[in-house]
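This is input_35.txt. It holds compact mmCIF, C-alpha atoms (C1' of nucleotides).
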# COMPACT_ATOMS: atom_id res chain seq x y z
CA MET Z 1 -11.70 -24.96 -21.01
CA GLU Z 2 -8.71 -23.17 -19.58
CA GLN Z 3 -6.12 -25.87 -19.28
CA VAL Z 4 -3.28 -23.46 -18.72
CA ASP Z 5 -1.15 -24.53 -15.82
CA PRO Z 6 -1.98 -22.83 -12.53
CA ARG Z 7 1.35 -21.09 -12.17
CA THR Z 8 0.89 -19.31 -15.48
CA ARG Z 9 -2.66 -18.33 -14.62
CA ILE Z 10 -1.51 -16.82 -11.35
CA LEU Z 11 1.30 -14.93 -13.03
CA ASP Z 12 -1.03 -13.69 -15.77
CA ALA Z 13 -3.48 -12.39 -13.20
CA ALA Z 14 -0.73 -10.90 -11.06
CA GLU Z 15 0.88 -9.15 -13.99
CA GLU Z 16 -2.31 -7.55 -15.20
CA LEU Z 17 -3.24 -6.37 -11.72
CA PHE Z 18 0.18 -5.38 -10.42
CA TYR Z 19 1.09 -3.54 -13.57
CA GLY Z 20 -2.29 -1.92 -14.01
CA GLN Z 21 -2.87 -0.76 -10.46
CA GLY Z 22 0.43 -0.95 -8.64
CA VAL Z 23 1.63 -3.78 -6.44
CA GLN Z 24 0.50 -2.47 -3.08
CA ALA Z 25 -2.93 -1.57 -4.37
CA VAL Z 26 -3.64 -5.20 -5.28
CA GLY Z 27 -4.50 -7.74 -2.61
CA MET Z 28 -3.76 -11.41 -2.81
CA ASP Z 29 -7.48 -12.08 -2.92
CA ALA Z 30 -7.78 -10.05 -6.12
CA VAL Z 31 -5.02 -12.16 -7.67
CA ARG Z 32 -6.78 -15.31 -6.54
CA ALA Z 33 -10.09 -14.18 -7.99
CA ALA Z 34 -8.54 -13.13 -11.31
CA SER Z 35 -6.66 -16.40 -11.59
CA GLY Z 36 -9.79 -18.41 -10.91
CA LEU Z 37 -8.01 -20.56 -8.37
CA THR Z 38 -8.28 -21.04 -4.66
CA MET Z 39 -6.19 -19.28 -2.06
CA ARG Z 40 -4.57 -22.55 -1.14
CA ARG Z 41 -3.38 -23.14 -4.68
CA VAL Z 42 -2.00 -19.65 -5.01
CA TYR Z 43 0.08 -19.95 -1.87
CA GLN Z 44 1.12 -23.40 -2.96
CA HIS Z 45 2.90 -21.92 -5.96
CA PHE Z 46 4.02 -18.64 -4.35
CA PRO Z 47 4.54 -18.91 -0.62
CA SER Z 48 4.26 -15.17 -0.13
CA LYS Z 49 3.22 -12.06 -1.98
CA GLY Z 50 6.86 -11.07 -2.18
CA ASP Z 51 7.65 -14.26 -4.07
CA LEU Z 52 4.83 -13.54 -6.48
CA VAL Z 53 6.06 -10.01 -7.05
CA GLU Z 54 9.55 -11.23 -7.79
CA ALA Z 55 8.26 -13.85 -10.19
CA TYR Z 56 6.07 -11.25 -11.88
CA LEU Z 57 9.05 -8.97 -12.43
CA ARG Z 58 11.30 -11.80 -13.60
CA ARG Z 59 8.84 -13.01 -16.18
CA ARG Z 60 8.02 -9.54 -17.38
CA ASP Z 61 11.69 -8.70 -17.81
CA ALA Z 62 12.28 -11.79 -19.89
CA ARG Z 63 9.21 -11.25 -22.05
CA TRP Z 64 9.85 -7.57 -22.58
CA ARG Z 65 13.42 -8.02 -23.67
CA ALA Z 66 12.61 -11.01 -25.83
CA GLY Z 67 9.89 -9.05 -27.60
CA LEU Z 68 12.23 -6.17 -28.23
CA ALA Z 69 15.03 -8.41 -29.46
CA LEU Z 70 12.67 -10.24 -31.78
CA TYR Z 71 11.31 -7.04 -33.28
CA VAL Z 72 14.74 -5.58 -33.80
CA ALA Z 73 16.05 -8.76 -35.35
CA GLN Z 74 13.12 -8.93 -37.74
CA ALA Z 75 13.63 -5.29 -38.64
CA GLY Z 76 16.75 -6.64 -40.28
CA GLY Z 77 18.58 -4.30 -42.58
CA ALA Z 78 21.53 -2.18 -41.65
CA PRO Z 79 22.66 -1.94 -38.03
CA ARG Z 80 21.56 1.65 -37.98
CA ASP Z 81 18.03 0.65 -38.94
CA GLN Z 82 18.01 -1.96 -36.21
CA LEU Z 83 19.03 0.65 -33.70
CA LEU Z 84 16.24 2.95 -34.74
CA ALA Z 85 13.79 0.04 -34.77
CA VAL Z 86 14.11 0.05 -31.00
CA PHE Z 87 12.15 3.28 -30.93
CA ASP Z 88 9.55 1.93 -33.34
CA TRP Z 89 9.03 -0.91 -30.96
CA LEU Z 90 8.70 1.45 -28.04
CA GLY Z 91 6.05 3.37 -29.96
CA ARG Z 92 4.04 0.19 -30.50
CA TRP Z 93 4.34 -0.66 -26.85
CA PHE Z 94 3.22 2.81 -25.76
CA ALA Z 95 0.13 2.52 -27.95
CA GLU Z 96 -0.98 -0.75 -26.39
CA PRO Z 97 -4.11 -0.44 -24.29
CA GLY Z 98 -3.32 -0.35 -20.61
CA PHE Z 99 0.21 0.93 -21.11
CA ARG Z 100 1.29 2.52 -17.87
CA GLY Z 101 5.03 2.98 -18.14
CA CYS Z 102 7.85 0.73 -17.10
CA ALA Z 103 6.80 -1.93 -14.63
CA PHE Z 104 10.25 -1.87 -13.10
CA VAL Z 105 10.38 1.86 -12.61
CA ASN Z 106 6.90 1.77 -11.13
CA SER Z 107 7.80 -1.06 -8.77
CA PHE Z 108 11.04 0.64 -7.89
CA GLY Z 109 9.27 3.80 -6.88
CA GLU Z 110 6.75 1.88 -4.88
CA LEU Z 111 8.87 -0.77 -3.19
CA GLY Z 112 12.50 -0.15 -4.09
CA ALA Z 113 13.28 1.57 -0.83
CA THR Z 114 11.86 -1.17 1.34
CA THR Z 115 12.29 -4.32 -0.77
CA PRO Z 116 15.84 -4.90 -2.00
CA ALA Z 117 14.73 -7.64 -4.37
CA VAL Z 118 12.56 -5.17 -6.26
CA ALA Z 119 15.35 -2.62 -6.49
CA ALA Z 120 17.66 -5.34 -7.78
CA ALA Z 121 15.11 -6.45 -10.37
CA ALA Z 122 14.78 -2.90 -11.67
CA ARG Z 123 18.52 -2.44 -11.82
CA HIS Z 124 18.94 -5.73 -13.63
CA HIS Z 125 16.25 -4.93 -16.17
CA LYS Z 126 17.81 -1.58 -16.99
CA GLU Z 127 21.30 -3.03 -17.18
CA GLU Z 128 20.17 -5.66 -19.62
CA PHE Z 129 18.43 -3.11 -21.77
CA ALA Z 130 21.54 -0.92 -21.73
CA ALA Z 131 23.66 -3.90 -22.75
CA PHE Z 132 21.28 -4.64 -25.59
CA LEU Z 133 21.56 -1.09 -26.83
CA ALA Z 134 25.32 -1.14 -26.41
CA ALA Z 135 25.59 -4.14 -28.70
CA LEU Z 136 23.53 -2.45 -31.40
CA VAL Z 137 25.52 0.74 -31.07
CA GLU Z 138 28.76 -1.15 -31.39
CA ALA Z 139 27.49 -2.83 -34.55
CA VAL Z 140 26.76 0.60 -35.97
CA GLY Z 141 30.28 1.67 -35.19
CA ALA Z 142 29.41 4.46 -32.78
CA PRO Z 143 31.20 4.88 -29.45
CA PRO Z 144 29.75 3.27 -26.29
CA GLY Z 145 28.78 6.67 -24.91
CA THR Z 146 26.16 6.88 -27.62
CA ALA Z 147 24.46 3.78 -26.24
CA VAL Z 148 24.18 5.44 -22.86
CA GLN Z 149 22.59 8.48 -24.46
CA LEU Z 150 20.11 6.39 -26.39
CA ALA Z 151 19.22 4.56 -23.19
CA LEU Z 152 18.42 7.88 -21.56
CA LEU Z 153 16.21 8.82 -24.49
CA ALA Z 154 14.36 5.52 -24.36
CA GLU Z 155 13.93 5.76 -20.61
CA GLY Z 156 12.61 9.27 -20.87
CA ALA Z 157 10.25 8.30 -23.65
CA ILE Z 158 8.76 5.49 -21.57
CA THR Z 159 8.06 7.74 -18.62
CA THR Z 160 6.82 10.62 -20.72
CA ALA Z 161 4.49 8.44 -22.74
CA ALA Z 162 3.06 7.01 -19.54
CA VAL Z 163 2.49 10.27 -17.72
CA HIS Z 164 1.09 12.11 -20.71
CA GLY Z 165 -0.60 9.12 -22.26
CA ASP Z 166 1.04 10.07 -25.54
CA PRO Z 167 2.78 7.38 -27.62
CA GLY Z 168 4.38 10.10 -29.71
CA ALA Z 169 7.26 10.30 -27.27
CA ALA Z 170 8.75 7.30 -29.02
CA ALA Z 171 9.00 9.16 -32.31
CA ASP Z 172 10.54 12.17 -30.58
CA ALA Z 173 13.11 9.95 -28.96
CA GLY Z 174 13.76 8.18 -32.25
CA ALA Z 175 14.41 11.47 -34.01
CA ALA Z 176 16.84 12.52 -31.30
CA ALA Z 177 18.50 9.12 -31.46
CA ARG Z 178 19.07 9.47 -35.19
CA VAL Z 179 20.75 12.83 -34.66
CA LEU Z 180 22.95 11.48 -31.87
CA VAL Z 181 24.01 8.39 -33.79
CA ASP Z 182 24.81 10.31 -36.96
CA ALA Z 183 26.69 12.95 -35.00
CA ALA Z 184 28.73 10.27 -33.25
CA LEU Z 185 29.53 8.58 -36.55
CA ALA Z 186 30.49 11.88 -38.15
CA ALA Z 187 32.72 12.78 -35.22
CA ARG Z 188 34.39 9.40 -35.41
CA GLY Z 189 34.70 9.95 -39.12
CA MET U 190 12.45 25.27 20.13
CA GLU U 191 10.74 24.40 16.89
CA GLN U 192 8.39 27.28 16.31
CA VAL U 193 7.69 26.32 12.72
CA ASP U 194 4.02 26.34 11.99
CA PRO U 195 2.32 22.95 12.23
CA ARG U 196 1.34 22.77 8.61
CA THR U 197 4.94 23.09 7.51
CA ARG U 198 6.10 20.51 10.02
CA ILE U 199 3.52 18.06 8.76
CA LEU U 200 4.47 18.67 5.16
CA ASP U 201 8.17 18.34 5.96
CA ALA U 202 7.57 15.02 7.68
CA ALA U 203 5.27 13.81 4.92
CA GLU U 204 7.68 14.77 2.17
CA GLU U 205 10.63 12.99 3.74
CA LEU U 206 8.62 9.86 4.41
CA PHE U 207 6.51 9.73 1.25
CA TYR U 208 9.45 10.45 -1.00
CA GLY U 209 11.85 8.16 0.81
CA GLN U 210 9.62 5.15 1.21
CA GLY U 211 6.69 5.57 -1.10
CA VAL U 212 3.28 6.93 -0.20
CA GLN U 213 1.49 3.69 0.52
CA ALA U 214 4.32 2.40 2.66
CA VAL U 215 3.94 5.29 5.08
CA GLY U 216 1.10 5.36 7.57
CA MET U 217 -0.47 8.49 8.96
CA ASP U 218 0.89 7.59 12.37
CA ALA U 219 4.43 7.74 11.03
CA VAL U 220 3.76 11.21 9.67
CA ARG U 221 2.32 12.24 13.01
CA ALA U 222 5.34 10.91 14.90
CA ALA U 223 7.83 12.57 12.56
CA SER U 224 6.00 15.87 12.74
CA GLY U 225 5.93 15.76 16.53
CA LEU U 226 2.27 16.65 16.60
CA THR U 227 -0.86 14.88 17.65
CA MET U 228 -3.16 12.96 15.40
CA ARG U 229 -5.88 15.51 15.98
CA ARG U 230 -3.68 18.35 14.77
CA VAL U 231 -2.60 16.47 11.68
CA TYR U 232 -6.18 15.79 10.62
CA GLN U 233 -7.05 19.35 11.49
CA HIS U 234 -4.74 20.57 8.74
CA PHE U 235 -5.23 17.72 6.28
CA PRO U 236 -8.63 16.07 6.57
CA SER U 237 -7.45 12.93 4.84
CA LYS U 238 -4.28 11.24 3.70
CA GLY U 239 -5.24 12.03 0.14
CA ASP U 240 -5.28 15.72 0.95
CA LEU U 241 -1.85 15.42 2.50
CA VAL U 242 -0.51 13.60 -0.53
CA GLU U 243 -1.83 16.27 -2.85
CA ALA U 244 -0.34 19.04 -0.72
CA TYR U 245 2.96 17.19 -0.61
CA LEU U 246 3.07 16.97 -4.38
CA ARG U 247 1.99 20.56 -4.87
CA ARG U 248 4.67 21.94 -2.59
CA ARG U 249 7.34 19.70 -4.00
CA ASP U 250 6.50 20.72 -7.54
CA ALA U 251 6.76 24.41 -6.65
CA ARG U 252 10.03 23.98 -4.77
CA TRP U 253 11.63 21.81 -7.39
CA ARG U 254 10.85 24.13 -10.25
CA ALA U 255 11.80 27.23 -8.28
CA GLY U 256 15.16 25.67 -7.39
CA LEU U 257 15.81 24.82 -11.00
CA ALA U 258 14.79 28.23 -12.26
CA LEU U 259 16.96 29.95 -9.68
CA TYR U 260 20.00 27.87 -10.55
CA VAL U 261 19.58 28.40 -14.26
CA ALA U 262 19.05 32.12 -13.83
CA GLN U 263 22.17 32.42 -11.72
CA ALA U 264 24.12 30.42 -14.25
CA GLY U 265 23.65 33.53 -16.35
CA GLY U 266 25.67 33.75 -19.49
CA ALA U 267 24.51 32.85 -22.92
CA PRO U 268 21.15 31.12 -23.43
CA ARG U 269 22.97 28.00 -24.50
CA ASP U 270 24.84 27.90 -21.19
CA GLN U 271 21.59 28.33 -19.31
CA LEU U 272 20.10 25.43 -21.19
CA LEU U 273 23.02 23.20 -20.32
CA ALA U 274 22.95 24.41 -16.71
CA VAL U 275 19.72 22.45 -16.39
CA PHE U 276 21.75 19.26 -16.55
CA ASP U 277 24.29 20.55 -14.05
CA TRP U 278 21.45 21.18 -11.69
CA LEU U 279 20.11 17.68 -12.25
CA GLY U 280 23.53 16.28 -11.42
CA ARG U 281 23.59 18.12 -8.11
CA TRP U 282 20.12 16.89 -7.31
CA PHE U 283 21.05 13.29 -8.14
CA ALA U 284 24.00 13.50 -5.78
CA GLU U 285 21.92 14.62 -2.82
CA PRO U 286 21.61 12.00 -0.10
CA GLY U 287 18.28 10.23 -0.22
CA PHE U 288 17.74 10.94 -3.91
CA ARG U 289 15.25 8.43 -5.14
CA GLY U 290 14.10 9.66 -8.52
CA CYS U 291 11.20 11.87 -9.45
CA ALA U 292 8.56 12.07 -6.73
CA PHE U 293 5.89 12.52 -9.37
CA VAL U 294 6.90 9.55 -11.43
CA ASN U 295 7.09 7.45 -8.29
CA SER U 296 3.68 8.60 -7.12
CA PHE U 297 2.27 8.13 -10.58
CA GLY U 298 3.42 4.53 -10.70
CA GLU U 299 2.06 3.87 -7.26
CA LEU U 300 -1.23 5.75 -7.30
CA GLY U 301 -1.75 7.20 -10.76
CA ALA U 302 -4.09 4.43 -11.83
CA THR U 303 -6.36 4.72 -8.82
CA THR U 304 -6.04 8.37 -7.78
CA PRO U 305 -6.73 10.85 -10.57
CA ALA U 306 -5.38 13.77 -8.53
CA VAL U 307 -1.97 12.12 -8.38
CA ALA U 308 -1.95 11.46 -12.11
CA ALA U 309 -2.92 15.07 -12.73
CA ALA U 310 -0.16 16.33 -10.44
CA ALA U 311 2.44 14.29 -12.29
CA ARG U 312 1.18 15.50 -15.65
CA HIS U 313 1.18 19.08 -14.47
CA HIS U 314 4.71 18.83 -13.10
CA LYS U 315 6.05 17.43 -16.34
CA GLU U 316 4.19 19.94 -18.45
CA GLU U 317 5.62 22.80 -16.45
CA PHE U 318 9.11 21.41 -16.77
CA ALA U 319 8.64 20.98 -20.51
CA ALA U 320 7.42 24.56 -20.78
CA PHE U 321 10.46 25.77 -18.86
CA LEU U 322 12.76 23.92 -21.23
CA ALA U 323 10.83 25.20 -24.22
CA ALA U 324 11.42 28.79 -23.16
CA LEU U 325 15.14 28.19 -22.82
CA VAL U 326 15.28 26.43 -26.16
CA GLU U 327 13.47 29.27 -27.84
CA ALA U 328 15.94 31.74 -26.36
CA VAL U 329 18.73 29.69 -27.86
CA GLY U 330 17.05 29.85 -31.21
CA ALA U 331 16.51 26.14 -31.66
CA PRO U 332 13.21 24.70 -32.85
CA PRO U 333 10.58 23.56 -30.29
CA GLY U 334 11.19 19.94 -31.12
CA THR U 335 14.57 20.24 -29.50
CA ALA U 336 12.95 21.12 -26.19
CA VAL U 337 10.94 17.92 -26.35
CA GLN U 338 14.09 15.94 -26.97
CA LEU U 339 15.89 17.57 -24.07
CA ALA U 340 12.94 16.82 -21.84
CA LEU U 341 13.22 13.15 -22.74
CA LEU U 342 16.92 13.21 -21.90
CA ALA U 343 16.30 14.85 -18.55
CA GLU U 344 13.50 12.46 -17.75
CA GLY U 345 15.63 9.48 -18.64
CA ALA U 346 18.51 10.81 -16.59
CA ILE U 347 16.34 11.16 -13.50
CA THR U 348 15.07 7.60 -13.69
CA THR U 349 18.44 6.15 -14.58
CA ALA U 350 20.22 7.97 -11.80
CA ALA U 351 17.63 6.70 -9.34
CA VAL U 352 17.64 3.07 -10.38
CA HIS U 353 21.40 2.81 -10.71
CA GLY U 354 22.21 5.21 -7.91
CA ASP U 355 24.59 6.94 -10.31
CA PRO U 356 24.53 10.76 -10.57
CA GLY U 357 26.63 10.51 -13.73
CA ALA U 358 23.49 10.15 -15.79
CA ALA U 359 23.16 13.93 -15.66
CA ALA U 360 26.49 14.44 -17.39
CA ASP U 361 25.58 11.87 -20.04
CA ALA U 362 22.31 13.63 -20.67
CA GLY U 363 24.06 16.98 -20.77
CA ALA U 364 26.51 15.77 -23.36
CA ALA U 365 23.69 14.46 -25.50
CA ALA U 366 21.81 17.71 -25.05
CA ARG U 367 24.76 19.71 -26.29
CA VAL U 368 24.93 17.61 -29.42
CA LEU U 369 21.21 17.93 -30.06
CA VAL U 370 21.14 21.68 -29.53
CA ASP U 371 24.13 22.29 -31.74
CA ALA U 372 22.79 20.03 -34.43
CA ALA U 373 19.46 21.83 -34.35
CA LEU U 374 21.18 25.21 -34.60
CA ALA U 375 23.39 24.02 -37.42
CA ALA U 376 20.41 22.66 -39.33
CA ARG U 377 18.54 25.91 -38.86
CA GLY U 378 21.77 27.82 -39.39
C1' DC X 379 -15.32 30.73 41.43
C1' DG X 380 -17.38 27.92 37.74
C1' DC X 381 -17.90 26.50 33.23
C1' DG X 382 -17.58 25.86 28.29
C1' DG X 383 -14.52 25.04 24.52
C1' DG X 384 -10.44 23.60 22.68
C1' DT X 385 -6.13 20.55 23.44
C1' DG X 386 -2.89 16.47 24.11
C1' DA X 387 -2.38 11.76 24.31
C1' DG X 388 -3.64 7.82 22.85
C1' DA X 389 -7.26 4.21 22.72
C1' DA X 390 -10.84 2.55 19.82
C1' DC X 391 -13.15 1.45 15.50
C1' DG X 392 -14.05 -0.58 11.17
C1' DA X 393 -11.92 -1.97 7.06
C1' DT X 394 -8.50 -4.42 4.66
C1' DC X 395 -4.41 -6.99 4.17
C1' DG X 396 -1.35 -11.27 4.03
C1' DT X 397 -1.59 -15.66 5.58
C1' DT X 398 -3.39 -19.87 7.69
C1' DC X 399 -6.94 -22.97 9.25
C1' DT X 400 -11.31 -25.57 9.17
C1' DC X 401 -14.08 -28.87 7.28
C1' DA X 402 -16.81 -31.39 4.19
C1' DC X 403 -15.90 -33.87 0.03
C1' DG X 404 -14.01 -36.95 -3.57
C1' DA X 405 -10.61 -39.81 -5.36
C1' DT X 406 -7.48 -43.62 -4.34
C1' DG X 407 -5.43 -47.90 -2.55
C1' DG X 408 -5.85 -52.11 0.54
C1' DC B 409 -16.01 -50.94 2.21
C1' DC B 410 -13.07 -48.23 4.79
C1' DA B 411 -9.05 -45.34 5.84
C1' DT B 412 -6.29 -41.73 3.92
C1' DC B 413 -4.93 -37.96 1.67
C1' DG B 414 -5.28 -33.80 -1.02
C1' DT B 415 -8.64 -30.47 -2.57
C1' DG B 416 -12.17 -26.50 -2.94
C1' DA B 417 -14.36 -22.95 -0.72
C1' DG B 418 -14.17 -19.72 2.28
C1' DA B 419 -13.98 -18.43 7.21
C1' DA B 420 -10.75 -17.02 10.59
C1' DC B 421 -6.68 -14.71 12.46
C1' DG B 422 -3.53 -11.20 13.67
C1' DA B 423 -1.57 -7.09 12.03
C1' DT B 424 -1.96 -2.64 10.20
C1' DC B 425 -4.22 1.13 8.17
C1' DG B 426 -7.03 5.56 7.96
C1' DT B 427 -9.94 7.89 10.78
C1' DT B 428 -12.61 9.13 14.87
C1' DC B 429 -13.62 9.17 19.69
C1' DT B 430 -12.78 9.43 24.72
C1' DC B 431 -11.42 11.86 28.53
C1' DA B 432 -8.73 14.31 31.63
C1' DC B 433 -6.92 18.82 31.49
C1' DC B 434 -6.26 23.81 30.81
C1' DC B 435 -7.63 28.19 29.18
C1' DG B 436 -10.27 32.64 29.21
C1' DC B 437 -14.59 34.77 30.19
C1' DG B 438 -19.00 35.39 33.16
Rendering of file as C-alpha cells:
Amino acid sequence: MEQVDPRTRILDAAEELFYGQGVQAVGMDAVRAASGLTMRRVYQHFPSKGDLVEAYLRRRDARWRAGLALYVAQAGGAPRDQLLAVFDWLGRWFAEPGFRGCAFVNSFGELGATTPAVAAAARHHKEEFAAFLAALVEAVGAPPGTAVQLALLAEGAITTAAVHGDPGAAADAGAAARVLVDAALAARG
Amino acid sequence: MEQVDPRTRILDAAEELFYGQGVQAVGMDAVRAASGLTMRRVYQHFPSKGDLVEAYLRRRDARWRAGLALYVAQAGGAPRDQLLAVFDWLGRWFAEPGFRGCAFVNSFGELGATTPAVAAAARHHKEEFAAFLAALVEAVGAPPGTAVQLALLAEGAITTAAVHGDPGAAADAGAAARVLVDAALAARG
DNA sequence: CGCGGGTGAGAACGATCGTTCTCACGATGG
DNA sequence: CCATCGTGAGAACGATCGTTCTCACCCGCG
C-alpha cells in the first residue's frame, strides 16, 4: 500500500515525533516503529540520530519557507497586502493541530548548546525568514529596519501562540505590523 | 568557606547547568558535582529530578521578574520611559555571558509536551510578564492591545537575540515599541 | 563505655538509549 | 541445485540515566 520511499517515511516519522515531543524525548526505536521499517533500514539511510535530526531540520526549513512563500505569492495584490499576508499564514499555522511553536527554536533550546549543527540550522532558518521579510519590506518601500521589527513580531507571535495555545497572537502581530509599516512609510514620506 | 544552605547550592548548580545545556542534557550527577554535595543530600531536598526542574523554573521566574521590576522602577521618570526601560533591561540581559534565550521557552520546547508542570510554568511566566507590561501600558494611557503587541516584540527579541547571539534585538524591539506606543496614544489622542 | 541514628562517598540497580550483531530466510546467478 | 548476498526481525551490547542502597564512620545520649 505505502509505496513511499523509505527515506521519506523515516523523515515523516521523525518529524512528527521530534516536533511533537522534542528530539531527546524520542528514541530511535520510536522512529523505527512509526516509519514501519526495520532498524537496519533506518540506520542505512541515516547513520546516526544526529544525521536524522539534521535532515529533519533541513527538510522542515525548506517546507516551511516554501509554504510561506507560496501563500504570500498567491495572496497577490499590493506589496503591502503580501507583507500582511505573512501574518495570516502564521495564524493558519498556529491553528493547525499539533502546533507546538518553531521547531528550530525548540531544537535550539534543547540541543543548541551541545550540537553546533542544530544551532547553525536554527540560525540559518531565521536568517532566511528575515531575508524573505526584508524583500517584501523593500517592495513596500519601507526601510530595512522595518523588516527587522516585523521579524521580531513574527517570532514573538510564534512563541506566544505555542506557549498559550492561542492562534490569536498572529492577528495581534499583524495589527502591530500594519502600524509599523504605515508609520515607516509616513516617516519616509 | 561556602556556608550557603544546601538547597540554594543545588538550585544554583541546577540553574547554571539546566539553562546552559538544556534540562535533559544534564544528569543528576552533574548537578550533584556542581553543587559539591552528595547524592543523598540532593535527593533529600528534591525527591526527583522533576521536582528540581520545577523549583529551578519557579525561582528563575521570581528572580527574572523581580530584576525587571526593580530596573523599571529605578528608571523612574514618566510612564512612557518606564515602558521603554523594559527593552533596555532586555538588552542588558541579552549581553550577559551565557545568555541563551528564555529558560521557559527552552524548557517548554524540550519538555512541555511530556511534562505538564513545565508547560504550566512557561505559561505562568509569560502571563505574569504580560500582566506587568499591561500595567505599564495602562499607566501610559495606551489601550491594552498595545501591551499585547509589546509583549510580542519582547518575546521575539529574546528568541532572536539567543539564536543570533546578537543583543541588538533589544534595541530593535525598543524602537518598534516606541512607534507602537506613540501611534496608540495618537490614535486615542 | 556502648549504641542508635544520621552522614559521606560512591557502588549498585533497573531502565532506556543509540548502535550493532546474529541468524534464519528468500531471491538471484552459475 | 547450490553458493551468495542482502534482508527482516529483533536480540544484544555498552553507555548513561534517575534513583536507591551499602557500609564504614561519627555524633550525642543512656
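Residues of chain B lying within 12 Å of chain U, counting all atoms listed in the file, are DT424, DC425, DG426, DT427, DT428 and DC429 of chain B.
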Keeping only C-alpha atoms (C1' of nucleotides), write those residues as a short mmCIF file (atom, residue, chain, number, x, y, z; two decimals), keeping the file's coordinate frame.
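The resulting file, result.cif, is shown below:
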data_model
loop_
_atom_site.label_atom_id
_atom_site.label_comp_id
_atom_site.auth_asym_id
_atom_site.auth_seq_id
_atom_site.Cartn_x
_atom_site.Cartn_y
_atom_site.Cartn_z
"C1'" DT B 424 -1.96 -2.64 10.20
"C1'" DC B 425 -4.22 1.13 8.17
"C1'" DG B 426 -7.03 5.56 7.96
"C1'" DT B 427 -9.94 7.89 10.78
"C1'" DT B 428 -12.61 9.13 14.87
"C1'" DC B 429 -13.62 9.17 19.69
#
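Rounded to one decimal, CA of Phe94 (chain Z) and CA of Ala14 (chain Z) lie 20.5 Å from each other.
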Next on the checklist: I'd like the neighbourhood of DG380 (chain X) as a VMD selection string, where a residue qualifies if any of its atoms comes within 12 Å (using all atoms listed in the file), though same-chain residues fewer than 2 positions away should be ignored.
Outcome noted: (chain X and resid 382) or (chain B and resid 437 to 438)
Would you compute an axis-aligned box for region 222-240 of chain U, covering every atom listed for it in the file with 5 Å of margin on each side, and report centre and edge lengths in Å to one decimal as lines of an AutoDock Vina configuration file?
center_x = -0.4
center_y = 15.7
center_z = 8.9
size_x = 26.5
size_y = 19.7
size_z = 27.5
Next on the checklist: Between CA of Leu83 (chain Z) and CA of Ala376 (chain U), what is the distance in Å, rounded to a tenth?
Outcome noted: 22.8 Å
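CA of Pro356 (chain U) is found 10.4 Å from CA of Asp277 (chain U).
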Given a cut-off of 9 Å, which residues of chain Z touch chain U, counting all atoms listed in the file, written out as an mmCIF file with C-alpha atoms, in the coordinates of the input?
data_model
loop_
_atom_site.group_PDB
_atom_site.id
_atom_site.type_symbol
_atom_site.label_atom_id
_atom_site.label_comp_id
_atom_site.auth_asym_id
_atom_site.auth_seq_id
_atom_site.Cartn_x
_atom_site.Cartn_y
_atom_site.Cartn_z
ATOM 1 C CA TYR Z 19 1.090 -3.540 -13.570
ATOM 2 C CA GLY Z 20 -2.290 -1.920 -14.010
ATOM 3 C CA GLN Z 21 -2.870 -0.760 -10.460
ATOM 4 C CA GLY Z 22 0.430 -0.950 -8.640
ATOM 5 C CA VAL Z 23 1.630 -3.780 -6.440
ATOM 6 C CA GLN Z 24 0.500 -2.470 -3.080
ATOM 7 C CA ALA Z 25 -2.930 -1.570 -4.370
ATOM 8 C CA ARG Z 100 1.290 2.520 -17.870
ATOM 9 C CA GLY Z 101 5.030 2.980 -18.140
ATOM 10 C CA CYS Z 102 7.850 0.730 -17.100
ATOM 11 C CA ALA Z 103 6.800 -1.930 -14.630
ATOM 12 C CA VAL Z 105 10.380 1.860 -12.610
ATOM 13 C CA ASN Z 106 6.900 1.770 -11.130
ATOM 14 C CA SER Z 107 7.800 -1.060 -8.770
ATOM 15 C CA PHE Z 108 11.040 0.640 -7.890
ATOM 16 C CA GLY Z 109 9.270 3.800 -6.880
ATOM 17 C CA GLU Z 110 6.750 1.880 -4.880
ATOM 18 C CA LEU Z 111 8.870 -0.770 -3.190
ATOM 19 C CA GLY Z 112 12.500 -0.150 -4.090
ATOM 20 C CA ALA Z 113 13.280 1.570 -0.830
ATOM 21 C CA THR Z 114 11.860 -1.170 1.340
ATOM 22 C CA ALA Z 119 15.350 -2.620 -6.490
ATOM 23 C CA ALA Z 120 17.660 -5.340 -7.780
ATOM 24 C CA ALA Z 122 14.780 -2.900 -11.670
ATOM 25 C CA ARG Z 123 18.520 -2.440 -11.820
ATOM 26 C CA LYS Z 126 17.810 -1.580 -16.990
ATOM 27 C CA GLU Z 127 21.300 -3.030 -17.180
ATOM 28 C CA GLY Z 145 28.780 6.670 -24.910
ATOM 29 C CA THR Z 146 26.160 6.880 -27.620
ATOM 30 C CA VAL Z 148 24.180 5.440 -22.860
ATOM 31 C CA GLN Z 149 22.590 8.480 -24.460
ATOM 32 C CA LEU Z 150 20.110 6.390 -26.390
ATOM 33 C CA ALA Z 151 19.220 4.560 -23.190
ATOM 34 C CA LEU Z 152 18.420 7.880 -21.560
ATOM 35 C CA LEU Z 153 16.210 8.820 -24.490
ATOM 36 C CA ALA Z 154 14.360 5.520 -24.360
ATOM 37 C CA GLU Z 155 13.930 5.760 -20.610
ATOM 38 C CA GLY Z 156 12.610 9.270 -20.870
ATOM 39 C CA ALA Z 157 10.250 8.300 -23.650
ATOM 40 C CA ILE Z 158 8.760 5.490 -21.570
ATOM 41 C CA THR Z 159 8.060 7.740 -18.620
ATOM 42 C CA THR Z 160 6.820 10.620 -20.720
ATOM 43 C CA VAL Z 163 2.490 10.270 -17.720
ATOM 44 C CA HIS Z 164 1.090 12.110 -20.710
ATOM 45 C CA ALA Z 169 7.260 10.300 -27.270
ATOM 46 C CA ASP Z 172 10.540 12.170 -30.580
ATOM 47 C CA ALA Z 173 13.110 9.950 -28.960
ATOM 48 C CA ALA Z 175 14.410 11.470 -34.010
ATOM 49 C CA ALA Z 176 16.840 12.520 -31.300
ATOM 50 C CA VAL Z 179 20.750 12.830 -34.660
ATOM 51 C CA LEU Z 180 22.950 11.480 -31.870
ATOM 52 C CA ALA Z 183 26.690 12.950 -35.000
#
Contact residues around Ser35 (chain Z) with all atoms listed in the file at 10 Å, ignoring same-chain residues under 6 positions, as a compact mmCIF listing (two decimals) with C-alpha atoms, in the coordinates of the input:
# COMPACT_ATOMS: atom_id res chain seq x y z
CA PRO Z 6 -1.98 -22.83 -12.53
CA ARG Z 7 1.35 -21.09 -12.17
CA THR Z 8 0.89 -19.31 -15.48
CA ARG Z 9 -2.66 -18.33 -14.62
CA ILE Z 10 -1.51 -16.82 -11.35
CA LEU Z 11 1.30 -14.93 -13.03
CA ASP Z 12 -1.03 -13.69 -15.77
CA ALA Z 13 -3.48 -12.39 -13.20
CA ALA Z 14 -0.73 -10.90 -11.06
CA ASP Z 29 -7.48 -12.08 -2.92
CA VAL Z 42 -2.00 -19.65 -5.01
